[in-house]
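Written out below as structure tokens is the structure these notes cover.
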Amino acid sequence: MTIKIAQLSCGTEYSSVQYEIEKAARSVGASIVYPDVSAADIDKAVEDFGFKPRSPQLKLMIARAAELASGRYEADAVFITTCFRCAEAALVRNELRRYIQEHTNLPVVTYSFTERLKASQLLTRMEALVTIVTRKELLARERQTGLTVGLDSGSSTTKAVVMENNKIIGKDWTPSGAVVVESATQVLNNALEQAGVSFDQIEAIGTTGYGRFTLGEHFKAKLVQEELTVNSKGAVWLANKQKGEATIIDIGGMDNKAITVRDGIPDNFTMGGICAGASGRFLQMTSNRLKIDITELGRLADQGDWRNAKMNSYCSVFGIQDLVTTLGEGKRFEDVACAACHSVAEQVYEQQLQEIDVRHPIIQVGGTSLISGLVTQIGEVLGEQPIVPPDSQYIGAVGGALLSSGFL
Amino acid sequence: MKIFIDPPNSLVLFDLVERFGHEPLSTMAAIQERVDNLEVDMPPMNVTLDDVVKGLKYAGIEVPSGIRGRMALWGPLIEEADAAIIMEDCPYSFGCVGCERSNLMIKYLVHRRGIPTLTVRYPETDEDAVNFVAQAKEWMEGLK
């Protein structure tokens, strides 16, 4: 069965990216489709929608969205994409995303592209759309059964979790090395030892993260799945929020994810990766500059005030320049650490959370959720303190162990 | 003479220019050239990354890629043109480039070149349409 992803877009054919979008869809077993509209439908759809853009291609996007909303055109998921830096298109893109969510049950992902877009950048997003459509039953799984393992090969760290009958019985993590299999083998062996079980006893393995395909092949995993859906399952399980709505914020080492879920199943997500200034990597660089361990940064930040050492950059290089300047001015380390956390929180808010409707509660996960100062600043920026569940850095591994038990 | 038409994909304007003995410079020609080039495989328009980068000649890096890609198609045609016909306020079904900012830029580049330009409003009635054709005919005959 080929999954039909309806594309609502402006500018892709003139930006040399249409081919890349279709390539990404094909690589996950999906095809890009365009809801049929007649010229006569366009004006009426724009009139009904209420937002009247000047650009005809944006009007066409609205008419195609109306076809999906009316059910006259059937698709399994929606991909809304427009040129990066186009204000008119950004407004339409976001409002159409909201419109599709209000009028359909289709999973949606939005993206603003540059001419440098490559299929690989869209792969995780397309894969997540397909997963949500094809594995709804699996994603609805709330309890882990049997004896399973989850492996999360992230850009910064590699994690392993052993679960038995809905309980974590072994876990370990290590910084990701050059050879993903070696890092995974190390954490897996430690987690197995802690659990008191041998590899032969494991009934199923689930892998996720950047190295998921390599690990999946090496460990003969039953589940090899992108981190958007796996992490969200792990997050709601750890936070015990399987029912109702929630927003999951995962500030990773290389990219950030903001996912909204309903009954534990993601229905909208954004994934940023353009700028390291808004990722855990920037906090690591800040710690290095302050000559402290990253584990101390959060405590230090909680004792400071970001207003005393303003740091505001969309780029980790310029962010570090801000850091050097503020340190040169003799600012307190506590204020500088707090400003670094605030800068990341602000950018996550500006870059990711603008493209989803934040639902409550907010669950913050991933390795960076252990940096208390960052959690505080996310709370300050959003006006609501996020929940940080226990073992929040193990979301991917827990999600992998939980979902892979569905194959037993 | 080579006459640039705006909207660049208007079949009516293309036909008028050809009918009155001139060479229309249009989207169709620019796309045809790319489609015929077997070395380029970037469907549907065969606008490549190189084209989008070439569009920097007409619009800076802060301008969305879709506009620069469009300008890479029509910018050279405007440079090549000896004259231009611009139809103002036409419905998109008459022809359009899809993007209002690109529309504005195309019109501006034509004016900046200072070539003979016939700017007309979209005719809303049959009478206006007849007058437009007569006006275009007279103007194009005067160009010879």
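Numbering starts fresh at 1 for the residues of each chain in the structure tokens, the chains themselves are lettered A, B, ... in the order given, and ligands are numbered from 1 as they appear.
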
Notebook entry, point to check: Where in range 45-125 of chain B does DSSP assign helix (DSSP H, G or I), given as a ChimeraX atom specification?
Noted result: /B:49-57,65-80,92-94,100-113

Item checked: Contact residues (chain B, partner chain A, 8 Å, only C-alpha atoms) as a PyMOL selection string -> chain B and resi 42-49+52+62-70+92-93+96-101

Item checked: Surrounding residues of Leu13 in chain B excluding itself and chain neighbours under 2 positions, 12 Å, only C-alpha atoms, as a ChimeraX atom specification -> /B:3-11,15-20,22-27,84-87,90,94-95,118,120,122,132-133,136-137,140

Next item on the list: For CA of Met71 in chain B and CA of Asp51 in chain B, quote the distance in Å rounded to one decimal.
Entry: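 Taking CA of Met71 in chain B and CA of Asp51 in chain B, their separation equals 8.9 Å.
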
Next item on the list: Per DSSP on the backbone, filter range 62-161 of chain A down to the residues in strand (DSSP E) and report them as a ChimeraX atom specification.
Entry: /A:77-83,108-113,147-153,157-161

Check: Could you pull the residues within 9 Å of Asp302 in chain A, counting only C-alpha atoms, minus those fewer than 6 positions along the same chain, as a ChimeraX atom specification?
Finding: /A:334-335,337-338,372-374,376-377

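Candidate residues A:Glu355, A:Glu245, A:Glu102, A:Asp200 were compared for distance to Ile80 in chain A, and the nearest is A:Glu355, using only C-alpha atoms.
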
Check: Contacts of range 153-170 of chain A at 6 Å or less, counting only C-alpha atoms, minus same-chain residues fewer than 4 places along, as a PyMOL selection string?
Finding: chain A and resi 143-149+174-176+187-188+191+194-195+209-211+253+397

Okay, now the selection with C-alpha atoms, as a PDB file, in the first residue's frame?
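Listed below is the output, selection_27.pdb:
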ATOM      1  CA  ARG A 143       2.187  -1.097  27.931  1.00  0.00           C
ATOM      2  CA  GLN A 144       5.443  -2.862  27.285  1.00  0.00           C
ATOM      3  CA  THR A 145       5.274  -6.625  27.480  1.00  0.00           C
ATOM      4  CA  GLY A 146       7.883  -9.399  27.532  1.00  0.00           C
ATOM      5  CA  LEU A 147      11.615  -8.713  27.677  1.00  0.00           C
ATOM      6  CA  THR A 148      12.684  -6.109  25.132  1.00  0.00           C
ATOM      7  CA  VAL A 149      15.456  -3.646  24.433  1.00  0.00           C
ATOM      8  CA  THR A 174      27.459   7.004  26.532  1.00  0.00           C
ATOM      9  CA  PRO A 175      28.594   9.821  24.235  1.00  0.00           C
ATOM     10  CA  SER A 176      28.148   8.639  20.626  1.00  0.00           C
ATOM     11  CA  VAL A 187      25.556   0.613  26.453  1.00  0.00           C
ATOM     12  CA  LEU A 188      23.590  -2.502  25.610  1.00  0.00           C
ATOM     13  CA  ALA A 191      22.164  -2.290  30.502  1.00  0.00           C
ATOM     14  CA  GLN A 194      22.313  -4.160  35.214  1.00  0.00           C
ATOM     15  CA  ALA A 195      19.117  -6.030  34.307  1.00  0.00           C
ATOM     16  CA  GLY A 209      17.880   7.870  16.170  1.00  0.00           C
ATOM     17  CA  TYR A 210      20.356   8.726  13.416  1.00  0.00           C
ATOM     18  CA  GLY A 211      22.063   5.336  13.575  1.00  0.00           C
ATOM     19  CA  GLY A 253      22.265  17.637  20.527  1.00  0.00           C
ATOM     20  CA  ALA A 397      15.261   3.855  24.060  1.00  0.00           C
TER      21      ALA A 397
END

May I have the residues within 7 Å of Ala119 in chain A as a JSON list (two decimals) with N, CA and C atoms, in the first residue's frame, using only C-alpha atoms and disregarding those fewer than 5 positions away in the same chain?
[["chain", "number", "residue", "atom", "x", "y", "z"],
["A", 20, "GLU", "N", 13.54, 16.59, -4.85],
["A", 20, "GLU", "CA", 14.04, 16.10, -3.55],
["A", 20, "GLU", "C", 12.86, 15.71, -2.65],
["A", 21, "ILE", "N", 11.79, 16.48, -2.71],
["A", 21, "ILE", "CA", 10.61, 16.17, -1.88],
["A", 21, "ILE", "C", 10.04, 14.80, -2.31],
["A", 23, "LYS", "N", 11.58, 12.45, -3.89],
["A", 23, "LYS", "CA", 12.56, 11.40, -3.59],
["A", 23, "LYS", "C", 12.45, 10.96, -2.12],
["A", 24, "ALA", "N", 12.31, 11.94, -1.23],
["A", 24, "ALA", "CA", 12.17, 11.61, 0.20],
["A", 24, "ALA", "C", 10.92, 10.78, 0.44]]

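Separating CA of Val230 in chain A from CA of Val398 in chain A is a distance of 8.3 Å.
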
Item checked: Nearest candidate to Leu109 in chain B (options B:Glu124, B:Asp41, B:Glu79, B:Asp36; using only C-alpha atoms) ->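 Counting only C-alpha atoms, the residue closest to Leu109 in chain B is B:Glu79.
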
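You will find CA of Ile363 in chain A at 15.6 Å from CA of Asp267 in chain A.
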
Next item on the list: Rank A:Asp172, A:Phe219, A:Ala63, A:Val381 by their smallest atom-to-atom distance to Leu192 in chain A, using only C-alpha atoms, and report the top residue only.
Entry: A:Asp172

Next item on the list: Quick one: everything within 12 Å of Glu217 in chain A, counting only C-alpha atoms, minus sequence neighbours fewer than 4 positions away in the same chain. Send it as number ranges by chain.
Entry: A: 180-181, 205-208, 211-213, 221-224

Residue subset to file, keeping C-alpha atoms, as a PDB file, in the first residue's frame:
ATOM      1  CA  VAL A 180      27.618   3.639  16.143  1.00  0.00           C
ATOM      2  CA  VAL A 181      27.598  -0.139  16.625  1.00  0.00           C
ATOM      3  CA  ILE A 205      14.801  -4.934  19.896  1.00  0.00           C
ATOM      4  CA  GLY A 206      13.707  -1.513  18.693  1.00  0.00           C
ATOM      5  CA  THR A 207      16.170   1.025  17.280  1.00  0.00           C
ATOM      6  CA  THR A 208      15.782   4.735  16.694  1.00  0.00           C
ATOM      7  CA  GLY A 211      22.063   5.336  13.575  1.00  0.00           C
ATOM      8  CA  ARG A 212      18.810   3.330  13.617  1.00  0.00           C
ATOM      9  CA  PHE A 213      19.305   1.610  10.262  1.00  0.00           C
ATOM     10  CA  ALA A 221      15.867  -5.344  15.382  1.00  0.00           C
ATOM     11  CA  LYS A 222      12.158  -6.015  14.995  1.00  0.00           C
ATOM     12  CA  LEU A 223      11.471  -2.260  14.987  1.00  0.00           C
ATOM     13  CA  VAL A 224      13.563   0.349  13.169  1.00  0.00           C
TER      14      VAL A 224
END
